[in-house]
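> First, the structure itself, so that you have it in front of you.
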Amino acid sequence: MKLGLLTAAFPETPLTEVADWAAANGFSALEVACWPRGEGAARRYAGVSHIDVAALSDGEAKELVEDLAGRGIQISGLGYYPNPLHPDPGVREEALAHLRVLIAGAARMGVPVVNTFVGADAAKPLRENIQAARGFLPDLVAFARDHGVKLAIENCPMIFSQDEWPGGHNLFYAPATWREIFGWFDDDTLGLNLDPSHLVWQMIDIERVVREFGPRLHHVHAKDLEIDREGLYERGVMSAGIGWQVPRLPGLGEIRWDRFLAALYQVGYDGCVVIEHEDRGFEGSDEKVKAGFLLARNAVAPYVV
């Protein structure tokens with residue numbers, strides 16, 4: 001395995017500077033945030049564009065990858081997490097168009113994975129959202145297959161605030177849904193970008209997920225989660241985590257990183273484990289963000305060889 005970090009936590013820092021700092025501090029991979037250039041952030045840690053993939057020529061793609069390799073860094077995947085099932089048709093089309101740009105760009109760069117969401121309309125039941133996904137996902141997976149790129153869906157329900165309640169903005173959060181949608185396809189082009197933090201508050205067994213879906217793990221996020229027991233007491237589980245699920249850096253939450261990494265080894269996962277930083281306790285400056293990443297590195301790195 002290789003230890004990496006997601007660049008979205010450094011929105012104003014050039015990619016080469018992020019790479020140099022990462023390589024000097026024990027990281028060997030970057031998941032590069034690749035929102036459309038100029039889109040801007042619609043939410044925390046979104047809208048970051050460290051590579052303008054739409055404007056990247058074949059020669060520039062080759063030079064970029066070679067430059068990062070010379071700095072001791074590989075790209076684990078291109079990251080873009082929109083809502084392809086947004087109620088607004090224009091938003092849906094823009095998301096899918098940029099995903100195709102990223103898939104083609106990943107192929108040009110030799111990057112194995114594009115990480116994203118399936119999306120959801122929060123006002124619709126899960127079953128309706130799954131049926132809506134059949135309208136675009138098979139074509140998108142075919143496009144990725146034709147380009148030799150894996151498509152990895154993060155298992156975040158995207159329900160952190162009232163505007164995402166009750167259904168969340170990403171339907172791909174639980175085993176029954178993964179199993180059903182994977183069954184639409186005859187190969188493993190579509191898989192998981194597994195983030196164990198999103199399993200904690202859903203009370204889903206992390207190690208069992210790894211055992212069952214090991215062959216579909218195309219990428220892994222390392223993010224922790226703290227359950228605010230007072231918030232849970234006040235709001236209950238029917239609030240779907242709002243007010244009591246607290247994103248933390250690895251080592252500051254509920255996850256046993258030794259057990260999680262052990263499960264990954266047992267299923268033969270040998271890809272990248274990429275730290276995702278969404279911890280409000282380590283925000284506000286690059287110095288605080290870096291301190292957070294180092295703390296997370298110290299929690300995960302002992303198990304990554």
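We label chains A, B, ... in the order they appear in the structure tokens, count residues from 1 in each chain, and number ligands from 1 in the order shown.
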Give me, as an NGL selection string, the residues of range 47-285 of chain A that a backbone DSSP run labels helix (DSSP H, G or I).

:A and (53-55 or 58-70 or 89-109 or 126-133 or 137-146 or 162-164 or 175-182 or 197-200 or 206-216 or 229-235 or 237-239 or 257-266 or 280-282)

> Find the residues near Glu276 in chain A: any atom within 8 Å, counting only C-alpha atoms, skip ones fewer than 4 places away on the same chain, and give them as a PyMOL selection string.

chain A and resi 5-6+221-223+249

> Which residue gives the smallest distance to Glu60 in chain A among A:Val304, A:Met109, A:Ala142, A:Arg211, with only C-alpha atoms counted?

A:Met109

> Quick one: everything within 10 Å of Gly38 in chain A, counting only C-alpha atoms, minus sequence neighbours fewer than 5 positions away in the same chain. Send it as a PyMOL selection string.

chain A and resi 47-49+52

> Grab the residues selected above and save them as a short mmCIF file (atom, residue, chain, number, x, y, z; two decimals), in the first residue's frame with all heavy atoms.


data_model
loop_
_atom_site.label_atom_id
_atom_site.label_comp_id
_atom_site.auth_asym_id
_atom_site.auth_seq_id
_atom_site.Cartn_x
_atom_site.Cartn_y
_atom_site.Cartn_z
N GLY A 47 -14.94 22.33 -4.93
CA GLY A 47 -14.58 23.41 -5.82
C GLY A 47 -13.09 23.59 -6.02
O GLY A 47 -12.67 24.52 -6.73
N VAL A 48 -12.26 22.73 -5.44
CA VAL A 48 -10.81 22.86 -5.55
C VAL A 48 -10.35 22.22 -6.87
O VAL A 48 -10.76 21.10 -7.21
CB VAL A 48 -10.10 22.20 -4.36
CG1 VAL A 48 -8.59 22.34 -4.49
CG2 VAL A 48 -10.58 22.82 -3.06
N SER A 49 -9.49 22.94 -7.60
CA SER A 49 -9.03 22.44 -8.90
C SER A 49 -7.51 22.53 -8.97
O SER A 49 -6.96 23.55 -9.38
CB SER A 49 -9.66 23.25 -10.04
OG SER A 49 -9.27 22.75 -11.31
N ASP A 52 -6.29 21.55 -14.04
CA ASP A 52 -7.34 21.94 -14.98
C ASP A 52 -7.36 20.89 -16.10
O ASP A 52 -6.78 21.07 -17.16
CB ASP A 52 -7.06 23.33 -15.54
CG ASP A 52 -8.18 23.85 -16.42
OD1 ASP A 52 -9.19 23.13 -16.57
OD2 ASP A 52 -8.04 24.95 -16.99
#

> Write out as JSON, numbers by chain all residues of range 164-206 of chain A that backbone DSSP assigns to strand (DSSP E).

{"A": [190, 191, 192, 193, 194]}

> Would you mind reading off the distance between CA of Val274 in chain A and CA of Ala104 in chain A, one decimal, in Å?

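One can read the CA of Val274 in chain A to CA of Ala104 in chain A distance as 22.4 Å.
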
> Show which residues sit within 8 Å of Ala23 in chain A, as number ranges by chain. Count only C-alpha atoms, and ignore same-chain residues fewer than 3 positions away.

A: 19-20, 26-28, 71-73

> How many Å lie between CA of Leu96 in chain A and CA of Leu140 in chain A, rounded to one decimal?

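Straight-line distance from CA of Leu96 in chain A to CA of Leu140 in chain A works out to 8.0 Å.
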
> Mind checking which residues fall within 10 Å of Arg92 in chain A, counting only C-alpha atoms, ignoring those fewer than 6 positions away in the same chain, and posting them as a list in words?

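After dropping sequence-adjacent residues, the list is Pro82, Asn83, Pro84, Leu85, His86, Gly119 and Phe136 of chain A.
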
> For those residues, write N, CA and C atoms to a file as a PDB file, in the first residue's frame.


ATOM      1  N   PRO A  82     -19.450  15.574  -7.251  1.00  0.00           N
ATOM      2  CA  PRO A  82     -20.639  16.372  -7.503  1.00  0.00           C
ATOM      3  C   PRO A  82     -21.908  15.566  -7.200  1.00  0.00           C
ATOM      4  N   ASN A  83     -23.034  16.066  -7.655  1.00  0.00           N
ATOM      5  CA  ASN A  83     -24.307  15.355  -7.512  1.00  0.00           C
ATOM      6  C   ASN A  83     -24.914  15.112  -8.894  1.00  0.00           C
ATOM      7  N   PRO A  84     -24.611  13.973  -9.519  1.00  0.00           N
ATOM      8  CA  PRO A  84     -25.167  13.678 -10.850  1.00  0.00           C
ATOM      9  C   PRO A  84     -26.667  13.388 -10.861  1.00  0.00           C
ATOM     10  N   LEU A  85     -27.303  13.378  -9.681  1.00  0.00           N
ATOM     11  CA  LEU A  85     -28.754  13.215  -9.610  1.00  0.00           C
ATOM     12  C   LEU A  85     -29.421  14.454  -8.996  1.00  0.00           C
ATOM     13  N   HIS A  86     -28.770  15.581  -9.128  1.00  0.00           N
ATOM     14  CA  HIS A  86     -29.306  16.843  -8.627  1.00  0.00           C
ATOM     15  C   HIS A  86     -30.669  17.125  -9.272  1.00  0.00           C
ATOM     16  N   GLY A 119     -24.580  10.392  -6.471  1.00  0.00           N
ATOM     17  CA  GLY A 119     -25.517  11.478  -6.240  1.00  0.00           C
ATOM     18  C   GLY A 119     -26.879  10.980  -5.783  1.00  0.00           C
ATOM     19  N   PHE A 136     -28.080   7.006 -16.167  1.00  0.00           N
ATOM     20  CA  PHE A 136     -26.783   7.544 -16.598  1.00  0.00           C
ATOM     21  C   PHE A 136     -25.594   6.655 -16.252  1.00  0.00           C
TER      22      PHE A 136
END

> So that I can check the surroundings of Val53 in chain A, please list as a ChimeraX atom specification every protein, DNA and RNA residue that reaches within 12 Å of it, counting only C-alpha atoms and ignoring chain neighbours fewer than 6 positions away.

/A:32-37,60-61,64,78-80,98-109

> When you look at Val141 in chain A with a cut-off of 8 Å (counting only C-alpha atoms), what residues show up, excluding the ones that are within fewer than 5 positions of it in the same chain? I need them as a list in words.

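Those residues are Leu151, Thr189 and Leu190 of chain A.
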
> To one decimal place in Å, what is the distance between CA of Ala296 in chain A and CA of Val246 in chain A?

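So the answer is 15.7 Å.
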
> Here is a test: counting only C-alpha atoms, which residue of A:Arg127, A:Arg208, A:Arg248, A:His147 is nearest to Gly167 in chain A?

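Checking each of A:Arg127, A:Arg208, A:Arg248, A:His147 against Gly167 in chain A, counting only C-alpha atoms, the winner is A:Arg127.
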